[in-house]
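Reviewing the structure listed below.
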Amino acid sequence: MGVTYFFLYVPIIALVGMSFNASESPFTWNGFSTKWYGVLANDSTVMKGLTNTLIVAFTSTFLATILGTALAVGLHQYTKSAFLNAFALAPAIMPDIVLGIGLLALFALLSMTLGLYSVVIAHVVFSMAFVSAVVKARLSNSDPALREASMDLGATRSTTFFKITLPSLTPAIVAGALLAFTLSLDEFVIAFFTNGPATPTLPIIIYSMVRFGVTPEINALASLLMLVSFTAVIGAQRMTKLAEAR
Amino acid sequence: MKAGRSVNKRRDLLERLTLQGPGLVYLLLFMAVPICLILIYSIFQRGQFGGVVFHATTDNFTRALDPVYRGVLFDSLKIASITTVLALALGYPTAYGIARLPKRFRTTALLLIVMPFWTNFLIRTYSWIMLLNSEGLLNKALLKLNIIHTPLDLLYTQSAVILGLLYGYLPLMILPLYASIEKLDPEIREAASNLGANRFRTFLDVTLPLTISGVLAGSIFVFIPSLGNFIVPELLGGGKTVMVGNLVRDQFLKARDWPFGSVLALVVILFVFVLFAIQSKVEKRISGGAHAN
């Protein structure tokens, strides 16, 4: 078991460690320096990529959370069909390359010019499935009597939905949204196929950096991204704990 | 006043449509249709300037069976399988170990497993370039320790690709395995050993079958992404190790032969369905068996 943790973390430690390398090459150590973080901050390509990625992540998470939550509640309340439930989860299991080329084919067929919005559309597809899954899991542990009681007392379905169901789901919705957000931030393959050339997302830029220029700037970027992801994961973890405590 | 039953039914239907409708339509449009497009394109031909000419043919399929492409497909399956087996070998003991930790440590242990997964896949793969390079950390360490005398050629080999895939997807194996192992009743193992089974037999006959759904889920979560991956073969395999994913990507973005690319992608899709069919068959047998007892 220790082997696994060692295996998982050695590359990460090496990655972060090398980000403080004063030399140009990530292979030879030349002393401690934080200059690469400075280079990173001034790199406009990276900054643009980051902006694009954030735009995509926020927009797709917003849409995915709405669609995914509604779908999860709808399925939970009204559908036993294994097929529909599997359909709702399918994007999460579908290989990203398949989704990528499929959407590219669709967009080409519709003569759409590719850009950030096509990436958003693509990201909503799989983000939605993850939000659905998280919310659904929470719903299966919930008490259907609450909703019945509410409607017996005369509340309409929509009032019940907005005042009873949704509030009780808040931690799950937030956890699902955080999950969707993190996935979108890091997503490369689907963005690669559905993005336009003028608006690369950060993972796409990282891809070019990794293939062509190898300086510790990448390590610095990697370390910062890791920090953000770790914080998001811990945040989601805290949210789920809150949900369970209720 | 309570409304009539038919009004209730109508209101139910309305709520159902409002909640499920948008999501399902969205998925239909942006997931089901794209996949159907791939299926459809596979039987057509590449147009002169890269479009699709709707001229039915099985040429693409015969071309995919060409030794060159067949070799790549076979390699991809082989690499994905080895990765999955290694993930199981490494992941099962880990999941088991975590399940046996005192409760208060388990969440942290799991979190530590998942954290690397939340870092960018490209970067994680890149870190292996750093480590495996002939000037890289691993070789430097081995040289310093005098275990080897000349740098090993680790990078740009099939093994490097397997390693990269394993690193990328190991957490996906451990999580479902853990979920499955955690549900085990320790008393069952006690009962087995009370009945005289040694630890090895207990594992084979009792523990393993009971955790088979975790094994299957984890295997699928590792096998499928590994099969369709093109990043790891490209970065860690150099030009030498080519997998199905690279071919698909090249056909779609460079050669612009979408019909042929679709046929290749179909192989991946096929495996998704086959694996899920196997999984649901096994799941049915498990629950069937439980009822039979």
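Just so we're on the same page: first chain in the structure tokens is A, next is B, and so on; residues restart at 1 for each chain, and ligands are numbered from 1 in the order they show up.
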(request) Pull out every residue of chain A sitting within 8 Å of chain B, counting only C-alpha atoms, and send them as a PyMOL selection string. (result) chain A and resi 1-2+4-5+7-9+11-12+14-15+26-27+67-68+70-75+78+88+91+93-99+101-103+105-106+121-122+125+157-158+182-183+186-187+203+206-207+210-211+222+225-226+229-230+233
(request) Considering only C-alpha atoms, return as a list in words whatever protein or nucleic-acid residues lie within 12 Å of Ile278 in chain B, sequence-local ones (same chain, fewer than 3 positions apart) excluded. (result)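 Everything that qualifies: Ser213, Leu216, Ala217, Ser219, Ile220, Phe271, Val272, Phe273, Val274, Leu275, Lys281, Val282, Glu283, Lys284 and Arg285 of chain B.
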Write the residues of the preceding selection, restricted to C-alpha atoms, as a PDB file, in the first residue's frame.
ATOM      1  CA  SER B 213     -18.284  -5.670  -8.665  1.00  0.00           C
ATOM      2  CA  LEU B 216     -15.147  -4.887 -12.580  1.00  0.00           C
ATOM      3  CA  ALA B 217     -16.008  -1.230 -12.121  1.00  0.00           C
ATOM      4  CA  SER B 219     -11.188  -2.297 -14.425  1.00  0.00           C
ATOM      5  CA  ILE B 220     -13.628  -0.592 -16.749  1.00  0.00           C
ATOM      6  CA  PHE B 271     -15.321  -2.101 -26.272  1.00  0.00           C
ATOM      7  CA  VAL B 272     -17.288   0.275 -24.058  1.00  0.00           C
ATOM      8  CA  PHE B 273     -20.464  -1.605 -24.864  1.00  0.00           C
ATOM      9  CA  VAL B 274     -18.891  -5.057 -24.611  1.00  0.00           C
ATOM     10  CA  LEU B 275     -17.386  -4.297 -21.209  1.00  0.00           C
ATOM     11  CA  LYS B 281     -24.234  -9.846 -16.781  1.00  0.00           C
ATOM     12  CA  VAL B 282     -21.933 -10.413 -13.836  1.00  0.00           C
ATOM     13  CA  GLU B 283     -23.948  -8.043 -11.652  1.00  0.00           C
ATOM     14  CA  LYS B 284     -27.102  -9.963 -12.513  1.00  0.00           C
ATOM     15  CA  ARG B 285     -25.494 -13.243 -11.576  1.00  0.00           C
TER      16      ARG B 285
END
(message) Let's see if you can do this: from backbone DSSP, list all helix (DSSP H, G or I) residues in range 100-160 of chain B, as a PyMOL selection string.
(response) chain B and resi 103-118+121-132+137-144+158-160
(message) Neighbouring residues of Lys48 in chain A were defined as those with any atom within 9 Å, considering only C-alpha atoms; residues of the same chain fewer than 3 positions away were excluded. Please report them as a list in words.
(response)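 Contacts, in chain order: Asp43, Ser44, Thr45, Thr51, Asn52, Thr53, Thr199, Pro200, Thr201 and Leu202 of chain A.
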(request) Could you please determine the separation between CA of Gly38 in chain A and CA of Asn219 in chain A in Å, to one decimal place? (result)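 Result for CA of Gly38 in chain A versus CA of Asn219 in chain A: 12.4 Å, one decimal.
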(message) Just want the 12 Å neighbourhood of Asp185 in chain B, counted on only C-alpha atoms, with same-chain residues fewer than 2 positions away dropped. Output as a ChimeraX atom specification.
(response) /B:99-100,180-183,187-192,206-207,210-211
(request) In Å, rounded to a single decimal, give me how far CA of Gly71 in chain B is from CA of Gln45 in chain B. (result)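 Computing the Euclidean distance for CA of Gln45 in chain B and CA of Gly71 in chain B yields 22.8 Å.
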(request) Find the residues near Ala175 in chain A: any atom within 12 Å, counting only C-alpha atoms, skip ones fewer than 3 places away on the same chain, and give them as a ChimeraX atom specification. (result) /A:61,65,69,130-135,137-138,169-172,178-182,232-243
(message) One decimal, in Å: what's the spacing between CA of Ala160 in chain B and CA of Leu236 in chain B?
(response)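 Result for CA of Ala160 in chain B versus CA of Leu236 in chain B: 5.9 Å, one decimal.
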